[in-house]
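For reference, run03.cif (mmCIF, C-alpha atoms):
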```
data_query
loop_
_atom_site.label_atom_id
_atom_site.label_comp_id
_atom_site.auth_asym_id
_atom_site.auth_seq_id
_atom_site.Cartn_x
_atom_site.Cartn_y
_atom_site.Cartn_z
CA MET U 22 151.99 -87.00 72.52
CA ARG U 23 152.25 -83.95 74.74
CA LEU U 24 151.43 -85.39 78.12
CA GLU U 25 151.25 -82.10 80.01
CA TYR U 26 148.65 -80.79 77.52
CA PHE U 27 146.63 -84.02 77.53
CA GLN U 28 147.37 -84.30 73.82
CA MET U 29 147.47 -88.10 73.77
CA ILE U 30 146.77 -89.02 70.15
CA ASP U 31 149.24 -88.36 67.32
CA ARG U 32 147.50 -89.90 64.34
CA VAL U 33 144.40 -91.81 63.35
CA VAL U 34 145.39 -94.92 61.42
CA SER U 35 141.87 -96.06 60.59
CA LEU U 36 138.25 -95.47 61.51
CA GLU U 37 135.86 -98.03 60.13
CA GLY U 38 132.37 -98.78 61.39
CA ASP U 39 132.49 -99.29 65.12
CA ALA U 40 136.28 -99.33 65.53
CA ILE U 41 139.20 -96.91 65.51
CA GLN U 42 142.94 -97.44 65.49
CA VAL U 43 145.26 -94.61 66.44
CA GLU U 44 148.95 -94.28 67.21
CA SER U 45 151.13 -92.12 69.40
CA ARG U 46 154.73 -91.87 70.48
CA VAL U 47 155.63 -91.21 74.09
CA PRO U 48 157.83 -88.08 74.19
CA GLU U 49 161.51 -88.36 75.04
CA ALA U 50 161.06 -85.80 77.82
CA SER U 51 158.13 -84.35 79.76
CA PRO U 52 157.65 -82.60 83.12
CA VAL U 53 155.41 -85.57 83.97
CA PHE U 54 158.50 -87.80 84.06
CA GLU U 55 160.19 -85.53 86.60
CA GLY U 56 157.73 -86.80 89.18
CA HIS U 57 156.69 -90.14 87.74
CA PHE U 58 159.34 -91.30 88.54
CA PRO U 59 162.73 -89.67 89.28
CA GLY U 60 165.36 -91.77 87.54
CA HIS U 61 162.71 -94.18 86.24
CA PRO U 62 160.30 -92.41 83.84
CA LEU U 63 156.99 -94.20 83.26
CA VAL U 64 153.76 -93.05 81.59
CA PRO U 65 151.25 -92.88 84.47
CA GLY U 66 148.39 -95.38 84.30
CA VAL U 67 145.85 -92.57 84.51
CA LEU U 68 147.31 -91.11 81.31
CA LEU U 69 146.99 -94.49 79.60
CA VAL U 70 143.31 -94.42 80.63
CA GLU U 71 143.07 -90.89 79.19
CA THR U 72 144.67 -92.14 75.97
CA MET U 73 142.07 -94.92 75.68
CA ALA U 74 139.27 -92.46 76.51
CA GLN U 75 140.49 -90.03 73.83
CA ALA U 76 140.69 -92.79 71.21
CA SER U 77 137.12 -93.73 72.16
CA GLY U 78 136.09 -90.07 71.97
CA TRP U 79 137.52 -89.64 68.46
CA LEU U 80 135.70 -92.81 67.43
CA ILE U 81 132.41 -91.34 68.68
CA LEU U 82 133.05 -87.92 67.09
CA GLY U 83 133.89 -89.61 63.79
CA ARG U 84 130.66 -91.59 63.98
CA ASN U 85 128.39 -88.71 65.03
CA GLY U 86 130.02 -86.07 62.78
CA PHE U 87 130.68 -83.73 65.72
CA ALA U 88 126.96 -83.57 66.53
CA GLN U 89 127.77 -83.94 70.24
CA MET U 90 130.82 -84.02 72.49
CA PRO U 91 131.64 -87.26 74.34
CA PHE U 92 132.68 -86.91 77.99
CA LEU U 93 134.28 -89.62 80.09
CA MET U 94 131.82 -90.99 82.65
CA SER U 95 133.05 -94.37 83.77
CA VAL U 96 136.08 -96.65 83.51
CA LYS U 97 135.74 -100.32 84.33
CA GLU U 98 138.14 -103.23 84.40
CA ALA U 99 141.15 -101.01 83.71
CA LYS U 100 144.29 -103.11 83.67
CA PHE U 101 147.90 -102.03 83.32
CA ARG U 102 149.82 -105.01 82.09
CA SER U 103 153.24 -103.59 81.34
CA PHE U 104 155.27 -100.42 81.93
CA VAL U 105 155.80 -97.94 79.14
CA GLY U 106 158.43 -95.20 79.10
CA PRO U 107 159.88 -92.41 76.92
CA GLU U 108 159.89 -92.81 73.13
CA ALA U 109 157.73 -95.93 73.18
CA PRO U 110 155.43 -96.28 70.16
CA LEU U 111 151.82 -96.87 71.19
CA GLU U 112 149.02 -98.43 69.18
CA VAL U 113 145.57 -97.70 70.61
CA THR U 114 142.35 -99.35 69.51
CA ALA U 115 138.77 -98.76 70.62
CA ARG U 116 135.60 -100.55 69.58
CA VAL U 117 131.98 -99.69 70.35
CA THR U 118 130.39 -102.50 72.33
CA HIS U 119 127.12 -100.71 73.11
CA ASP U 120 125.35 -97.73 71.55
CA GLY U 121 122.99 -96.41 74.22
CA SER U 122 120.66 -93.43 74.26
CA GLY U 123 123.04 -90.54 74.91
CA PHE U 124 125.95 -92.76 75.89
CA THR U 125 128.44 -95.15 74.29
CA VAL U 126 130.45 -98.01 75.74
CA THR U 127 133.79 -99.03 74.24
CA GLU U 128 136.45 -101.62 74.77
CA ALA U 129 139.84 -99.98 74.40
CA ARG U 130 143.35 -101.31 74.37
CA VAL U 131 146.92 -99.96 74.27
CA THR U 132 149.78 -102.00 72.87
CA SER U 133 153.42 -101.11 72.18
CA GLY U 134 155.17 -103.04 69.46
CA GLY U 135 152.41 -105.63 69.73
CA LYS U 136 152.87 -106.05 73.48
CA ARG U 137 149.75 -105.51 75.63
CA ILE U 138 150.10 -102.44 77.81
CA ALA U 139 146.60 -101.56 79.07
CA ASP U 140 142.91 -102.19 78.45
CA ALA U 141 139.60 -101.01 79.85
CA GLU U 142 135.87 -100.72 79.32
CA ILE U 143 134.98 -97.07 78.92
CA LEU U 144 131.61 -95.33 79.10
CA LEU U 145 131.21 -91.87 77.58
CA ARG U 146 128.17 -89.64 77.68
CA SER U 147 127.51 -87.48 74.62
CA MET U 148 126.18 -83.97 75.18
CA PRO U 149 125.81 -80.81 73.10
CA PHE U 150 129.11 -78.92 72.86
CA PRO U 151 129.04 -76.66 75.94
CA HIS U 152 131.12 -73.92 74.27
CA PRO U 153 131.87 -73.07 70.62
CA ASP U 154 135.59 -72.76 71.45
CA LEU U 155 135.63 -76.41 72.47
CA GLU U 156 134.03 -77.53 69.22
CA ALA U 157 136.47 -75.39 67.21
CA ALA U 158 139.42 -76.82 69.13
CA MET U 159 138.17 -80.38 68.65
CA ARG U 160 137.71 -79.83 64.91
CA ALA U 161 141.25 -78.40 64.68
CA SER U 162 142.60 -81.42 66.56
CA ALA U 163 140.66 -83.73 64.24
CA GLN U 164 142.52 -82.17 61.32
CA ARG U 165 145.85 -82.47 63.10
CA ILE U 166 145.45 -86.20 63.80
CA GLY U 167 143.82 -86.96 60.44
CA LEU U 168 140.41 -88.10 61.59
CA PRO U 169 138.80 -89.47 58.39
CA GLY U 170 136.33 -86.96 57.01
CA PHE U 171 138.03 -84.13 58.90
CA ALA U 172 141.57 -84.34 57.57
CA ALA U 173 143.20 -81.13 56.32
CA MET R 5 95.59 -110.48 78.09
CA ALA R 6 95.81 -108.10 80.99
CA ALA R 7 96.79 -110.84 83.45
CA ASP R 8 99.75 -111.81 81.29
CA THR R 9 100.87 -108.20 81.02
CA ASN R 10 100.79 -107.82 84.80
CA ALA R 11 102.73 -111.04 85.31
CA SER R 12 105.33 -109.90 82.82
CA SER R 13 105.68 -106.50 84.50
CA THR R 14 106.16 -108.16 87.88
CA GLY R 15 109.05 -110.20 86.47
CA THR R 16 110.43 -107.11 84.78
CA PHE R 17 110.10 -105.11 88.00
CA ASP R 18 112.13 -107.71 89.90
CA LYS R 19 114.78 -107.84 87.21
CA VAL R 20 115.10 -104.03 87.08
CA ALA R 21 115.15 -103.78 90.88
CA ASP R 22 117.97 -106.36 90.97
CA ILE R 23 119.89 -104.33 88.37
CA ILE R 24 119.44 -101.10 90.37
CA ALA R 25 120.62 -102.77 93.59
CA GLU R 26 123.69 -104.16 91.79
CA ASN R 27 124.61 -100.84 90.16
CA SER R 28 123.99 -98.40 93.01
CA GLU R 29 124.08 -98.19 96.78
CA VAL R 30 120.29 -98.65 97.01
CA ALA R 31 119.25 -101.69 99.08
CA ARG R 32 117.21 -104.19 97.08
CA ASP R 33 114.41 -104.40 99.67
CA SER R 34 113.88 -100.63 99.62
CA ILE R 35 112.92 -100.69 95.92
CA LYS R 36 109.12 -100.79 95.63
CA PRO R 37 106.78 -100.60 92.62
CA ASP R 38 105.85 -97.03 93.61
CA SER R 39 109.46 -95.88 94.14
CA HIS R 40 110.57 -92.95 91.98
CA VAL R 41 114.03 -93.77 90.66
CA THR R 42 115.60 -90.39 91.42
CA GLU R 43 113.28 -88.79 94.00
CA ASP R 44 112.79 -91.83 96.26
CA LEU R 45 115.83 -93.98 95.52
CA GLY R 46 118.24 -91.07 95.01
CA ILE R 47 119.88 -92.57 91.92
CA ASP R 48 122.30 -90.03 90.47
CA SER R 49 122.93 -89.51 86.76
CA LEU R 50 126.06 -91.68 86.56
CA ASP R 51 124.46 -94.60 88.42
CA PHE R 52 121.42 -94.17 86.18
CA LEU R 53 123.61 -94.49 83.07
CA ASP R 54 125.12 -97.70 84.42
CA ILE R 55 121.62 -98.97 85.22
CA VAL R 56 120.35 -98.13 81.72
CA PHE R 57 123.41 -99.86 80.22
CA ALA R 58 122.64 -102.98 82.30
CA ILE R 59 118.93 -102.85 81.35
CA ASP R 60 119.84 -102.48 77.65
CA LYS R 61 122.04 -105.57 77.89
CA ALA R 62 119.65 -107.64 80.03
CA PHE R 63 116.60 -107.03 77.82
CA GLY R 64 118.33 -106.61 74.46
CA ILE R 65 116.79 -103.16 73.97
CA LYS R 66 117.87 -99.50 73.82
CA VAL R 67 116.07 -97.54 76.51
CA PRO R 68 115.42 -94.16 74.83
CA VAL R 69 116.44 -92.04 77.81
CA GLU R 70 117.10 -88.93 75.74
CA LYS R 71 113.62 -89.05 74.19
CA TRP R 72 111.99 -89.67 77.57
CA THR R 73 113.88 -86.78 79.15
CA GLN R 74 112.89 -84.46 76.31
CA GLU R 75 109.23 -85.43 76.69
CA VAL R 76 109.34 -84.80 80.43
CA ASN R 77 111.16 -81.48 80.04
CA ALA R 78 108.67 -80.37 77.37
CA GLY R 79 105.78 -81.24 79.68
CA ASP R 80 104.44 -83.86 77.25
CA LYS R 81 104.67 -86.63 79.85
CA PRO R 82 104.92 -86.58 83.65
CA ALA R 83 108.26 -87.86 84.99
CA GLU R 84 106.35 -90.60 86.84
CA HIS R 85 105.35 -92.12 83.49
CA TYR R 86 108.96 -93.23 82.99
CA PHE R 87 110.74 -93.01 86.30
CA VAL R 88 108.41 -94.68 88.83
CA MET R 89 109.50 -98.32 89.07
CA LYS R 90 106.23 -100.02 88.06
CA ASN R 91 105.87 -97.67 85.09
CA LEU R 92 109.52 -98.10 84.13
CA ALA R 93 108.92 -101.88 84.09
CA ALA R 94 105.86 -101.36 81.88
CA ARG R 95 107.84 -99.14 79.48
CA ILE R 96 110.56 -101.80 79.28
CA ASP R 97 107.91 -104.44 78.53
CA GLU R 98 106.65 -102.21 75.70
CA LEU R 99 110.17 -101.85 74.30
CA VAL R 100 110.72 -105.61 74.46
CA ALA R 101 107.34 -106.21 72.78
CA ALA R 102 108.12 -103.65 70.05
CA LYS R 103 111.47 -105.33 69.43
CA GLY R 104 109.77 -108.70 68.92
CA ALA R 105 106.97 -107.29 66.75
#
```
Give the structure from this file in structure tokens form.
Amino acid sequence: MRLEYFQMIDRVVSLEGDAIQVESRVPEASPVFEGHFPGHPLVPGVLLVETMAQASGWLILGRNGFAQMPFLMSVKEAKFRSFVGPEAPLEVTARVTHDGSGFTVTEARVTSGGKRIADAEILLRSMPFPHPDLEAAMRASAQRIGLPGFAA
Amino acid sequence: MAADTNASSTGTFDKVADIIAENSEVARDSIKPDSHVTEDLGIDSLDFLDIVFAIDKAFGIKVPVEKWTQEVNAGDKPAEHYFVMKNLAARIDELVAAKGA
């Protein structure tokens, strides 16, 4: 994870059918922790939401073969059940609960060592890639994290 | 029979109007059969996605919004054909009927 670059996913563990499992490790240090919070570093809840949204996004890209780019549209029932700090291992899962026309709904969850950290229902809208640089960057990231079918 | 189709659409209209009122800031009693979803009710694209998601779940269908939008943009169909409430209810009835066929 590189929090300040919104690089939330380290590795795809599995992508099968309508579900993905990914993992990440919270960095030992980050400028984010200088503010959140001094003397008591915690991964901000909004970044846990981003982590769940990115896992959902990789699931959609893996399913659609990079035909379109998913963008976060709505987050519902987001819950933060436990704090998570530096060097914590994170397991993130996302599962498609509804395939709409041009949008996808997922249920996503973050755990750390089996302990529930956060969960949410996430809605993403898929649209044509708005810029070729974005598609190239996403494909490079897919290789980096080992998205099945796009691994190096 | 035509009478049955009308009765079904009335029920569908009420159900869709309830869904719109629950998923937007539009008052339920301001939603009429002749209301245009975006022009009259002012539903924005995010609320519309939530509404479509709720309609998909409530009726067990997949409203083909992308196809409808393409048809409207290409000039193949007027927007009213899909996005005026009474017509939207009729299109949903058609999707439900096609699912059961």
Exercise for review: Please evaluate the PyMOL selection byres ((chain R and resi 27) around 7) against the structure above and give the resulting residues as a list in words.
Suggested key: Ile23, Ile24, Ala25, Glu26, Ser28, Asp51, Asp54 and Ile55 of chain R
Expansion of the PyMOL selection byres ((chain U) within 10 of (chain R)) into residues, as a compact mmCIF listing (two decimals) with C-alpha atoms, in the coordinates of the input:
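Saved file out-v1.txt follows:
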```txt
# COMPACT_ATOMS: atom_id res chain seq x y z
CA MET U 94 131.82 -90.99 82.65
CA SER U 95 133.05 -94.37 83.77
CA HIS U 119 127.12 -100.71 73.11
CA ASP U 120 125.35 -97.73 71.55
CA GLY U 121 122.99 -96.41 74.22
CA SER U 122 120.66 -93.43 74.26
CA GLY U 123 123.04 -90.54 74.91
CA PHE U 124 125.95 -92.76 75.89
CA THR U 125 128.44 -95.15 74.29
CA VAL U 126 130.45 -98.01 75.74
CA LEU U 144 131.61 -95.33 79.10
CA LEU U 145 131.21 -91.87 77.58
CA ARG U 146 128.17 -89.64 77.68
```
Exercise for review: Do a neighbour search on Arg46 of chain U at 9 Å with only C-alpha atoms, toss out local chain neighbours closer than 4 positions, and write the hits as a list in words.
Suggested key: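 Selected residues are Met22, Met29, Ile30, Asp31, Pro107, Glu108, Ala109, Pro110, Leu111 and Glu112 of chain U.
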Would you export the selected residues with C-alpha atoms as an mmCIF file, in the frame of the given file, please?
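Saved as part.cif:
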```cif
data_model
loop_
_atom_site.group_PDB
_atom_site.id
_atom_site.type_symbol
_atom_site.label_atom_id
_atom_site.label_comp_id
_atom_site.auth_asym_id
_atom_site.auth_seq_id
_atom_site.Cartn_x
_atom_site.Cartn_y
_atom_site.Cartn_z
ATOM 1 C CA MET U 22 151.990 -87.000 72.520
ATOM 2 C CA MET U 29 147.470 -88.100 73.770
ATOM 3 C CA ILE U 30 146.770 -89.020 70.150
ATOM 4 C CA ASP U 31 149.240 -88.360 67.320
ATOM 5 C CA PRO U 107 159.880 -92.410 76.920
ATOM 6 C CA GLU U 108 159.890 -92.810 73.130
ATOM 7 C CA ALA U 109 157.730 -95.930 73.180
ATOM 8 C CA PRO U 110 155.430 -96.280 70.160
ATOM 9 C CA LEU U 111 151.820 -96.870 71.190
ATOM 10 C CA GLU U 112 149.020 -98.430 69.180
#
```
Check your understanding: Given the file above and the PyMOL selection byres ((chain U and resi 23) around 12), which residues are selected, and can you give them as JSON, numbers by chain?
Key -> {"U": [22, 24, 25, 26, 27, 28, 29, 30, 31, 45, 46, 47, 48, 49, 50, 51, 52, 53, 54, 64, 68, 72, 107, 108]}
Study note, to complete from the structure: Expressed in Å, the length from atom CA of Val20 of chain R to atom CA of Gln89 of chain U is 29.1 Å
Check your understanding: Rounded to one decimal in Å, what is the spacing between atom CA of Pro151 of chain U and atom CA of Ala88 of chain U?
Key ->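 Here the two named atoms are 11.9 Å from each other.
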Check your understanding: Do you have the atom CA of Val96 of chain U-atom CA of Ile143 of chain U distance handy?
Key ->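 Spanning atom CA of Val96 of chain U to atom CA of Ile143 of chain U is a straight-line distance of 4.7 Å.
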**Study point:** Who sits within 6 Å of segment 77-93 of chain R, only C-alpha atoms, same chain under 2 positions skipped, as a ChimeraX atom specification
**Key:** /R:13,16-17,37-41,74-75,95-96
Revision key, fill the gap. Using only C-alpha atoms, the shortest atom-to-atom distance to Gly83 of chain U among U:Pro59, U:Pro169, U:Pro149, U:Gly106 belongs to U:Pro169
Centre and edge lengths of an axis-aligned box around all listed atoms of segment 42-55 of chain U, with 6 Å added on each side, are to be given in Å to one decimal, as JSON.
```
{"center_x": 152.2, "center_y": -90.0, "center_z": 76.0, "size_x": 30.6, "size_y": 26.8, "size_z": 33.1}
```
Find the residues around segment 84-87 of chain U up to 9 Å (only C-alpha atoms counted), leave out those fewer than 5 positions away in its own chain, and share them as a compact mmCIF listing (two decimals) with C-alpha atoms, in the frame of the given file.
```txt
# COMPACT_ATOMS: atom_id res chain seq x y z
CA LEU U 36 138.25 -95.47 61.51
CA GLY U 38 132.37 -98.78 61.39
CA ASP U 39 132.49 -99.29 65.12
CA TRP U 79 137.52 -89.64 68.46
CA PHE U 150 129.11 -78.92 72.86
CA GLU U 156 134.03 -77.53 69.22
CA MET U 159 138.17 -80.38 68.65
CA ARG U 160 137.71 -79.83 64.91
CA GLY U 170 136.33 -86.96 57.01
```
